[in-house]
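What follows is coords25.txt (compact mmCIF, C-alpha atoms).
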```txt
# COMPACT_ATOMS: atom_id res chain seq x y z
CA MET A 627 -1.95 -41.52 -15.36
CA SER A 628 -3.88 -40.52 -12.24
CA THR A 629 -4.69 -36.86 -11.57
CA ALA A 630 -5.60 -35.15 -8.34
CA HIS A 631 -9.25 -35.58 -9.34
CA GLY A 632 -9.04 -39.37 -9.33
CA THR A 633 -9.52 -39.85 -13.09
CA THR A 634 -7.17 -41.52 -15.56
CA THR A 635 -5.86 -39.91 -18.73
CA PRO A 636 -3.87 -41.51 -21.59
CA PRO A 637 -0.09 -40.98 -21.56
CA GLY A 638 0.90 -37.65 -23.09
CA VAL A 639 -2.59 -36.17 -22.77
CA PRO A 640 -2.83 -33.42 -20.15
CA GLY A 641 -5.55 -34.01 -17.60
CA PRO A 642 -7.42 -31.48 -15.50
CA ARG A 643 -5.09 -29.16 -13.63
CA PRO A 644 -4.81 -30.35 -10.02
CA TRP A 645 -5.66 -27.80 -7.36
CA SER A 646 -3.09 -27.30 -4.65
CA ALA A 647 -3.48 -26.57 -0.97
CA ASP A 648 -3.14 -22.86 -1.78
CA PRO A 649 -6.30 -21.78 -3.62
CA TYR A 650 -5.08 -18.19 -3.90
CA SER A 651 -2.00 -19.22 -5.89
CA ASP A 652 -4.18 -21.47 -8.06
CA ALA A 653 -6.52 -18.57 -8.81
CA LEU A 654 -3.61 -16.35 -9.84
CA VAL A 655 -2.41 -19.01 -12.29
CA THR A 656 -5.78 -19.01 -14.07
CA GLY A 657 -6.53 -15.34 -13.47
CA ARG A 658 -10.06 -16.06 -12.32
CA GLY A 659 -12.17 -17.19 -9.37
CA PRO A 660 -14.40 -17.88 -7.73
CA LEU A 661 -12.43 -17.38 -4.54
CA PHE A 662 -13.62 -16.41 -1.08
CA LEU A 663 -12.43 -15.26 2.29
CA ARG A 664 -13.97 -17.73 4.73
CA ARG A 665 -14.39 -17.15 8.42
CA THR A 666 -14.62 -19.96 10.98
CA ASP A 667 -18.35 -19.24 11.47
CA GLY A 668 -19.03 -19.84 7.75
CA TRP A 669 -19.16 -16.17 6.66
CA LEU A 670 -17.95 -15.75 3.07
CA LEU A 671 -16.56 -12.73 1.24
CA PRO A 672 -15.97 -12.91 -2.53
CA LEU A 673 -12.49 -11.95 -3.72
CA GLU A 674 -12.12 -10.02 -6.98
CA VAL A 675 -9.49 -12.21 -8.63
CA GLU A 676 -10.36 -11.18 -12.18
CA ARG A 677 -10.01 -7.48 -11.38
CA TRP A 678 -6.74 -7.99 -9.53
CA CYS A 679 -5.27 -9.99 -12.41
CA ALA A 680 -6.40 -7.52 -15.09
CA ARG A 681 -4.67 -4.28 -16.02
CA ALA A 682 -5.19 -1.22 -13.81
CA ASP A 683 -8.70 0.09 -14.47
CA ALA A 684 -10.04 3.64 -14.53
CA VAL A 685 -10.57 3.70 -10.76
CA ASP A 686 -7.04 2.44 -10.13
CA LEU A 687 -5.70 5.19 -12.38
CA THR A 688 -7.38 7.88 -10.26
CA VAL A 689 -5.44 6.50 -7.28
CA LEU A 690 -2.14 6.28 -9.14
CA GLY A 691 -2.59 9.84 -10.34
CA ARG A 692 -2.43 11.00 -6.71
CA CYS A 693 0.80 9.16 -5.93
CA GLU A 694 3.90 11.21 -5.19
CA GLY A 695 7.52 10.26 -5.80
CA THR A 696 8.52 6.69 -5.00
CA VAL A 697 5.62 4.30 -4.37
CA LEU A 698 5.41 1.22 -2.14
CA ASP A 699 2.40 -1.04 -2.83
CA VAL A 700 1.79 -3.12 0.31
CA GLY A 701 0.06 -6.41 -0.51
CA CYS A 702 0.56 -5.81 -4.24
CA GLY A 703 -1.08 -9.11 -5.25
CA PRO A 704 -0.61 -9.93 -8.95
CA GLY A 705 0.91 -6.49 -9.50
CA ARG A 706 -1.40 -4.47 -11.73
CA LEU A 707 -0.62 -1.20 -9.93
CA VAL A 708 3.14 -1.70 -9.72
CA ALA A 709 3.23 -2.70 -13.40
CA GLU A 710 1.24 0.39 -14.41
CA LEU A 711 3.57 2.66 -12.45
CA ALA A 712 6.60 0.97 -14.02
CA ALA A 713 5.15 1.46 -17.49
CA ARG A 714 4.89 5.17 -16.72
CA GLY A 715 8.51 5.30 -15.60
CA ARG A 716 7.55 5.77 -11.96
CA PRO A 717 9.80 4.17 -9.31
CA ALA A 718 7.65 1.62 -7.50
CA LEU A 719 8.01 -1.62 -5.53
CA GLY A 720 5.35 -4.14 -4.54
CA ILE A 721 5.59 -6.39 -1.51
CA ASP A 722 3.51 -9.48 -0.92
CA VAL A 723 3.84 -12.71 1.03
CA SER A 724 2.60 -14.74 -1.96
CA GLU A 725 5.15 -16.35 -4.26
CA ALA A 726 2.57 -16.56 -7.03
CA ALA A 727 1.68 -12.88 -6.64
CA VAL A 728 5.26 -11.67 -6.82
CA ALA A 729 6.01 -13.90 -9.82
CA HIS A 730 2.92 -12.54 -11.58
CA THR A 731 4.04 -8.98 -10.87
CA ALA A 732 7.44 -9.70 -12.39
CA ARG A 733 5.83 -11.11 -15.53
CA LEU A 734 3.92 -7.84 -15.93
CA GLY A 735 7.16 -5.87 -15.74
CA GLY A 736 6.86 -4.62 -12.17
CA GLN A 737 9.31 -5.01 -9.29
CA ALA A 738 8.13 -6.97 -6.27
CA LEU A 739 9.58 -8.53 -3.16
CA ARG A 740 8.32 -11.50 -1.21
CA ARG A 741 8.07 -9.93 2.19
CA SER A 742 5.64 -9.12 4.98
CA VAL A 743 5.13 -5.44 5.69
CA PHE A 744 6.19 -6.15 9.28
CA GLU A 745 9.59 -7.47 8.18
CA PRO A 746 12.59 -5.25 7.30
CA LEU A 747 12.00 -3.58 3.92
CA PRO A 748 14.11 -1.65 1.42
CA GLY A 749 14.12 2.12 1.82
CA GLU A 750 12.44 2.28 5.23
CA GLY A 751 11.63 5.88 6.08
CA ARG A 752 12.29 7.05 2.51
CA TRP A 753 9.16 6.12 0.54
CA ASP A 754 7.07 9.10 -0.62
CA THR A 755 3.79 7.20 -1.09
CA ALA A 756 2.41 3.90 0.17
CA LEU A 757 -0.73 2.06 -0.94
CA LEU A 758 -3.09 -0.14 1.07
CA LEU A 759 -5.71 -1.05 -1.55
CA ASP A 760 -8.05 -3.99 -2.20
CA GLY A 761 -8.77 -4.44 1.51
CA ASN A 762 -5.11 -4.53 2.56
CA VAL A 763 -5.73 -2.26 5.53
CA GLY A 764 -6.77 -5.60 7.06
CA ILE A 765 -3.25 -7.07 6.92
CA GLY A 766 -2.27 -8.49 10.30
CA GLY A 767 -5.71 -8.04 11.83
CA ASP A 768 -4.59 -4.94 13.75
CA PRO A 769 -5.17 -1.69 11.82
CA ALA A 770 -3.55 0.45 14.51
CA ALA A 771 -0.31 -1.55 14.35
CA LEU A 772 -0.35 -1.48 10.55
CA LEU A 773 -0.81 2.30 10.45
CA ARG A 774 2.08 2.75 12.86
CA ARG A 775 4.22 0.54 10.64
CA MET A 776 3.28 2.53 7.53
CA ALA A 777 4.46 5.72 9.24
CA GLN A 778 7.86 4.07 9.75
CA LEU A 779 8.14 3.28 6.03
CA LEU A 780 7.25 6.74 4.71
CA ILE A 781 9.19 9.98 4.77
CA PRO A 782 7.96 12.66 7.19
CA GLY A 783 4.93 14.11 5.45
CA GLY A 784 4.59 11.01 3.30
CA LEU A 785 1.31 10.05 1.65
CA LEU A 786 -0.70 6.92 2.47
CA ILE A 787 -3.69 5.97 0.29
CA VAL A 788 -6.07 3.45 1.85
CA GLU A 789 -9.09 1.72 0.36
CA THR A 790 -11.96 1.21 2.80
CA LEU A 791 -15.35 -0.46 2.74
CA ALA A 792 -17.82 1.73 0.89
CA ASP A 793 -20.37 3.74 2.89
CA VAL A 794 -20.30 1.61 6.04
CA ASP A 795 -18.89 2.02 9.54
CA VAL A 796 -17.29 -1.37 10.03
CA ASP A 797 -14.44 -2.07 12.45
CA GLU A 798 -14.02 -5.82 12.34
CA ARG A 799 -10.75 -7.12 13.70
CA VAL A 800 -9.13 -10.50 14.03
CA SER A 801 -9.38 -10.60 17.79
CA VAL A 802 -12.83 -11.98 16.96
CA HIS A 803 -12.23 -13.94 13.73
CA ILE A 804 -9.52 -15.88 11.93
CA VAL A 805 -10.01 -16.25 8.16
CA ARG A 806 -8.85 -18.47 5.30
CA VAL A 807 -8.85 -18.12 1.53
CA ALA A 808 -11.10 -20.84 0.10
CA ASP A 809 -12.38 -22.01 -3.29
CA PRO A 810 -15.72 -23.65 -4.22
CA ARG A 811 -14.17 -27.11 -3.77
CA SER A 812 -13.87 -26.31 -0.05
CA THR A 813 -10.09 -26.25 -0.38
CA ALA A 814 -8.78 -23.72 2.14
CA GLY A 815 -5.36 -22.26 2.75
CA PRO A 816 -3.80 -21.67 6.17
CA ALA A 817 -5.64 -19.52 8.70
CA PHE A 818 -4.42 -15.94 9.10
CA PRO A 819 -5.54 -12.73 10.88
CA TRP A 820 -7.50 -10.07 9.03
CA ALA A 821 -9.56 -6.93 9.61
CA ARG A 822 -12.18 -4.95 7.68
CA LEU A 823 -12.63 -1.19 8.05
CA GLY A 824 -15.10 1.37 6.83
CA THR A 825 -13.97 4.96 6.39
CA PRO A 826 -15.11 6.22 9.84
CA ALA A 827 -13.22 3.42 11.60
CA LEU A 828 -10.11 4.02 9.52
CA LEU A 829 -10.15 7.73 10.38
CA ARG A 830 -10.45 6.94 14.09
CA HIS A 831 -7.46 4.58 13.96
CA ALA A 832 -5.50 7.02 11.78
CA ALA A 833 -6.03 9.97 14.14
CA ARG A 834 -4.79 7.94 17.10
CA ALA A 835 -1.75 6.83 15.10
CA GLY A 836 -0.80 10.41 14.20
CA TRP A 837 -2.11 10.66 10.63
CA HIS A 838 -3.89 13.67 9.13
CA GLN A 839 -6.74 13.16 6.66
CA GLU A 840 -5.85 14.87 3.40
CA GLY A 841 -8.66 13.64 1.16
CA GLN A 842 -11.53 11.22 0.74
CA TRP A 843 -13.29 10.09 -2.45
CA SER A 844 -15.31 7.32 -4.07
CA ALA A 845 -15.16 5.97 -7.61
CA GLY A 846 -16.64 2.90 -9.26
CA GLY A 847 -18.23 1.74 -6.02
CA ARG A 848 -14.88 1.87 -4.18
CA SER A 849 -13.91 4.24 -1.37
CA PHE A 850 -10.51 5.77 -0.63
CA VAL A 851 -8.86 7.93 2.00
CA ALA A 852 -5.60 9.86 1.62
CA LEU A 853 -3.62 10.27 4.85
CA ARG A 854 -0.54 12.37 5.54
CA ASN A 855 2.06 11.99 8.27
CA ARG A 856 1.44 14.81 10.74
CA ASP A 857 5.18 15.54 10.65
CA GLY A 858 4.69 16.92 7.17
CA ARG A 859 1.78 19.30 7.72
CA ASP A 860 3.84 22.48 8.05
CA GLY A 861 2.87 24.32 4.90
CA PRO A 862 4.18 25.69 1.60
CA ASP A 863 7.77 24.50 1.93
CA ASP A 864 6.64 20.92 2.49
CA ARG A 865 4.20 21.11 -0.42
CA ASP A 866 6.94 22.49 -2.67
CA ASP A 867 9.25 19.65 -1.65
CA ARG A 868 6.57 17.06 -2.42
CA GLU A 869 5.83 18.63 -5.81
CA ASP A 870 9.55 18.61 -6.60
CA ARG A 871 9.82 14.90 -5.69
CA ASN A 872 6.80 14.08 -7.81
CA SER A 873 8.19 16.04 -10.77
CA ARG A 874 11.51 14.23 -10.54
CA SER A 875 9.83 10.83 -10.35
CA THR A 876 7.72 11.36 -13.47
CA SER A 877 10.76 12.35 -15.52
CA SER A 878 12.99 9.52 -14.35
CA ALA A 879 12.81 5.74 -14.30
CA ALA A 880 15.09 5.56 -11.25
CA GLU A 881 14.90 2.52 -9.01
CA PRO A 882 12.88 2.62 -5.77
CA PRO A 883 14.94 3.15 -2.59
CA ASN A 884 17.24 0.14 -2.14
CA SER A 885 15.08 -1.99 -4.44
CA THR A 886 15.97 -5.66 -4.67
CA ALA A 887 15.39 -8.53 -7.06
CA VAL A 888 11.99 -10.14 -7.40
CA ILE A 889 10.96 -12.95 -5.05
CA SER A 890 7.64 -13.95 -3.21
CA GLN A 891 5.23 -16.23 -1.23
CA ARG A 892 1.47 -16.02 -0.38
CA ALA A 893 -0.97 -13.06 -0.64
CA ARG A 894 -4.27 -12.53 1.16
CA LYS A 895 -6.38 -9.81 -0.42
CA PRO A 896 -10.05 -9.42 0.50
CA SER A 897 -12.28 -7.23 -1.61
CA PRO A 898 -14.03 -4.21 -0.12
CA GLU A 899 -17.43 -5.74 -0.98
CA SER A 900 -20.07 -7.09 1.41
CA PRO A 901 -20.14 -10.78 2.34
CA VAL A 902 -22.15 -12.95 -0.05
CA ALA A 903 -23.36 -15.40 2.53
CA ASN A 904 -23.54 -16.30 6.18
CA ARG A 905 -23.39 -20.06 6.20
```
Will you turn the file into structure tokens for me?
Amino acid sequence: MSTAHGTTTPPGVPGPRPWSADPYSDALVTGRGPLFLRRTDGWLLPLEVERWCARADAVDLTVLGRCEGTVLDVGCGPGRLVAELAARGRPALGIDVSEAAVAHTARLGGQALRRSVFEPLPGEGRWDTALLLDGNVGIGGDPAALLRRMAQLLIPGGLLIVETLADVDVDERVSVHIVRVADPRSTAGPAFPWARLGTPALLRHAARAGWHQEGQWSAGGRSFVALRNRDGRDGPDDRDDREDRNSRSTSSAAEPPNSTAVISQRARKPSPESPVANR
């Protein structure tokens, strides 16, 4: 029979797996790249498919160790962080617009929902911690709007952990560029808006959106910033409440706020690395 590659294979013998019009979903099926974020001017950024599809690594665990209470992973991808939290009995939910990503998360034992962060979500205003890792601060191409939305999802004084570009002051937003996920065969998915931020740019956007910087660290070549809703900066009582929530979450496998069954659609997750080429 004919395959997508134009060759013929005998009946009953599987041929090469055809690649679809969604290279990101294809990469999640195999668990490996290469895969790139491609800009209209030819700029390419490698995406870390293998790391995203693997188990949470030592750097990821340093992030998860800082999480408080219920955790919302925005742009969860194939779900390594949600699955790790679930394995520890921590209430967590991933959201992603990729069907393949959400299905992969479910296979790992995590809960995920096929949803954009800008759509209605379970437990709005009641999440203790939210994550924007693996470049997901770029979702929507407007970091200021995304940070405002994250404040709506978290409790007053809630914790937001953001991964930024390492050691650079980059503030690159989609008003200039539209990007696509592409593979080496030049197959490219639909265009979508994106942004890339270094730590200084993130802190500028965060301050304007009413966030307070609580911490900043680097590990394994990756950079992170912890932000707190200004509403929760009042002092010992707030800290005691957060410690109590965290203690309850580690001793209980309770469901996340208003969690729902697993579904999904299409994820876009650029790595925090530098572009490999300008072509």
By how many Å are atom CA of Ala684 of chain A and atom CA of Leu791 of chain A apart?
->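 Atom-to-atom, atom CA of Ala684 of chain A and atom CA of Leu791 of chain A are spaced 18.5 Å apart.
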Give me the residues near Ala713 of chain A as a PDB file with C-alpha atoms, keeping the file's coordinate frame, where near means some atom within 10 Å (using all atoms listed in the file) and where sequence neighbours in that chain fewer than 2 positions away do not count.
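Full text of result-v2.pdb as output:
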```pdb
ATOM      1  CA  LEU A 707      -0.620  -1.200  -9.930  1.00  0.00           C
ATOM      2  CA  VAL A 708       3.140  -1.700  -9.720  1.00  0.00           C
ATOM      3  CA  ALA A 709       3.230  -2.700 -13.400  1.00  0.00           C
ATOM      4  CA  GLU A 710       1.240   0.390 -14.410  1.00  0.00           C
ATOM      5  CA  LEU A 711       3.570   2.660 -12.450  1.00  0.00           C
ATOM      6  CA  GLY A 715       8.510   5.300 -15.600  1.00  0.00           C
ATOM      7  CA  ARG A 716       7.550   5.770 -11.960  1.00  0.00           C
ATOM      8  CA  PRO A 717       9.800   4.170  -9.310  1.00  0.00           C
ATOM      9  CA  LEU A 734       3.920  -7.840 -15.930  1.00  0.00           C
ATOM     10  CA  GLY A 735       7.160  -5.870 -15.740  1.00  0.00           C
ATOM     11  CA  GLY A 736       6.860  -4.620 -12.170  1.00  0.00           C
ATOM     12  CA  ALA A 879      12.810   5.740 -14.300  1.00  0.00           C
TER      13      ALA A 879
END
```
Atom CA of Ala852 of chain A and atom CA of Leu780 of chain A, how far apart in Å?
-> 13.6 Å
How many Å lie between atom CA of Glu750 of chain A and atom CA of Ala770 of chain A, rounded to one decimal?
->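 These two atoms are separated by 18.6 Å.
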Determine, counting all atoms listed in the file, which protein, DNA and RNA residues have an atom within 12 Å of an atom of Arg774 of chain A; residues of the same chain fewer than 3 positions away are not included. Present the result as a ChimeraX atom specification.
-> /A:743-744,763,768-771,777-780,786,831-837,855
What are the closest atom pairs, with distances in Å to one decimal, for all residues of segment 705-788 of chain A lying within 12 Å of segment 647-659 of chain A? Consider only C-alpha atoms, order rows by chain and residue number, and present the result as a Markdown table.
```
| residue | atom | partner | partner_atom | distance |
| --- | --- | --- | --- | --- |
| A:Gly705 | CA | A:Leu654 | CA | 10.9 |
| A:Val723 | CA | A:Ser651 | CA | 11.2 |
| A:Ser724 | CA | A:Ser651 | CA | 7.5 |
| A:Glu725 | CA | A:Ser651 | CA | 7.9 |
| A:Ala726 | CA | A:Ser651 | CA | 5.4 |
| A:Ala727 | CA | A:Leu654 | CA | 7.1 |
| A:Val728 | CA | A:Leu654 | CA | 10.5 |
| A:Ala729 | CA | A:Leu654 | CA | 9.9 |
| A:His730 | CA | A:Leu654 | CA | 7.8 |
| A:Thr731 | CA | A:Leu654 | CA | 10.7 |
| A:Arg733 | CA | A:Val655 | CA | 11.9 |
```
Nearest candidate to Leu739 of chain A (options A:Val794, A:Leu772, A:Leu698, A:Ala680; using all atoms listed in the file) |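 Nearest to Leu739 of chain A: A:Leu698.
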Could you give me the centre and size, in Å to one decimal, of an axis-aligned box around all listed atoms of segment 695-698 of chain A with 5 Å added on every side, as AutoDock Vina command-line options?
```
--center_x 7.0 --center_y 5.7 --center_z -4.0 --size_x 13.1 --size_y 19.0 --size_z 13.7
```
Local residues around (-12.7, -4.3, 11.4), at most 9 Å away, using all atoms listed in the file, as an MDAnalysis selection string | chainID A and resid 764 767:769 796:800 820:824 827:828
Which residues, written as an MDAnalysis selection string, have at least one atom at most 7 Å from Gly841 of chain A, with all atoms listed in the file counted and residues fewer than 2 positions away on the same chain left out?
-> chainID A and resid 839 843 851:852
Which is closest to Arg692 of chain A among A:Asp667, A:Asp722, A:Asp754, A:Glu676, if we use all atoms listed in the file?
->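 Residue with the minimum atom-to-atom distance to Arg692 of chain A: A:Asp754.
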Which of these, A:Asn762, A:Thr790, A:Thr666, A:Thr696, has the shortest distance to Ser742 of chain A once you count all atoms listed in the file?
->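 Between A:Asn762, A:Thr790, A:Thr666, A:Thr696, the residue approaching Ser742 of chain A most closely is A:Asn762.
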Just save segment 684-695 of chain A with all heavy atoms, as a tab-separated table (two decimals), in the first residue's frame.
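As a result, result-v7.tsv now contains:
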```tsv
chain	number	residue	atom	x	y	z
A	684	ALA	N	16.29	16.57	37.87
A	684	ALA	CA	16.70	17.18	39.14
A	684	ALA	C	16.35	18.66	39.20
A	684	ALA	O	15.96	19.18	40.26
A	684	ALA	CB	18.20	16.98	39.34
A	685	VAL	N	16.47	19.37	38.08
A	685	VAL	CA	16.12	20.79	38.06
A	685	VAL	C	14.61	20.96	38.26
A	685	VAL	O	14.16	21.82	39.03
A	685	VAL	CB	16.58	21.44	36.74
A	685	VAL	CG1	16.14	22.90	36.69
A	685	VAL	CG2	18.10	21.34	36.60
A	686	ASP	N	13.83	20.15	37.55
A	686	ASP	CA	12.37	20.20	37.74
A	686	ASP	C	12.00	19.99	39.20
A	686	ASP	O	11.11	20.65	39.74
A	686	ASP	CB	11.68	19.12	36.90
A	686	ASP	CG	11.83	19.32	35.41
A	686	ASP	OD1	11.89	20.49	34.97
A	686	ASP	OD2	11.89	18.31	34.68
A	687	LEU	N	12.68	19.07	39.86
A	687	LEU	CA	12.34	18.74	41.24
A	687	LEU	C	12.62	19.91	42.18
A	687	LEU	O	11.92	20.08	43.19
A	687	LEU	CB	13.10	17.50	41.70
A	687	LEU	CG	12.77	16.20	40.94
A	687	LEU	CD1	13.57	15.04	41.51
A	687	LEU	CD2	11.27	15.91	40.98
A	688	THR	N	13.62	20.74	41.86
A	688	THR	CA	13.85	21.92	42.69
A	688	THR	C	12.68	22.89	42.59
A	688	THR	O	12.33	23.57	43.56
A	688	THR	CB	15.16	22.65	42.30
A	688	THR	OG1	15.03	23.22	41.00
A	688	THR	CG2	16.34	21.71	42.34
A	689	VAL	N	12.07	22.95	41.40
A	689	VAL	CA	10.90	23.81	41.20
A	689	VAL	C	9.70	23.23	41.95
A	689	VAL	O	9.00	23.94	42.69
A	689	VAL	CB	10.58	23.95	39.71
A	689	VAL	CG1	9.26	24.70	39.51
A	689	VAL	CG2	11.70	24.67	38.98
A	690	LEU	N	9.46	21.94	41.79
A	690	LEU	CA	8.30	21.32	42.43
A	690	LEU	C	8.40	21.39	43.94
A	690	LEU	O	7.39	21.46	44.64
A	690	LEU	CB	8.16	19.87	41.97
A	690	LEU	CG	7.93	19.68	40.46
A	690	LEU	CD1	7.68	18.21	40.15
A	690	LEU	CD2	6.77	20.54	39.96
A	691	GLY	N	9.64	21.37	44.46
A	691	GLY	CA	9.82	21.47	45.90
A	691	GLY	C	9.39	22.81	46.47
A	691	GLY	O	9.16	22.94	47.67
A	692	ARG	N	9.28	23.83	45.62
A	692	ARG	CA	8.86	25.15	46.07
A	692	ARG	C	7.34	25.35	45.96
A	692	ARG	O	6.82	26.36	46.43
A	692	ARG	CB	9.56	26.23	45.24
A	692	ARG	CG	11.07	26.30	45.47
A	692	ARG	CD	11.71	27.27	44.50
A	692	ARG	NE	13.15	27.35	44.70
A	692	ARG	CZ	13.79	28.40	45.21
A	692	ARG	NH1	13.09	29.47	45.61
A	692	ARG	NH2	15.09	28.41	45.36
A	693	CYS	N	6.66	24.42	45.30
A	693	CYS	CA	5.22	24.59	45.09
A	693	CYS	C	4.46	24.50	46.41
A	693	CYS	O	4.84	23.75	47.31
A	693	CYS	CB	4.71	23.52	44.12
A	693	CYS	SG	5.31	23.71	42.43
A	694	GLU	N	3.38	25.23	46.48
A	694	GLU	CA	2.54	25.27	47.67
A	694	GLU	C	1.13	24.81	47.30
A	694	GLU	O	0.59	25.19	46.26
A	694	GLU	CB	2.45	26.70	48.21
A	694	GLU	CG	3.79	27.30	48.59
A	694	GLU	CD	3.72	28.80	48.85
A	694	GLU	OE1	2.64	29.39	48.61
A	694	GLU	OE2	4.75	29.36	49.26
A	695	GLY	N	0.53	24.00	48.14
A	695	GLY	CA	-0.87	23.63	47.98
A	695	GLY	C	-1.19	23.05	46.62
A	695	GLY	O	-0.45	22.25	46.06
```
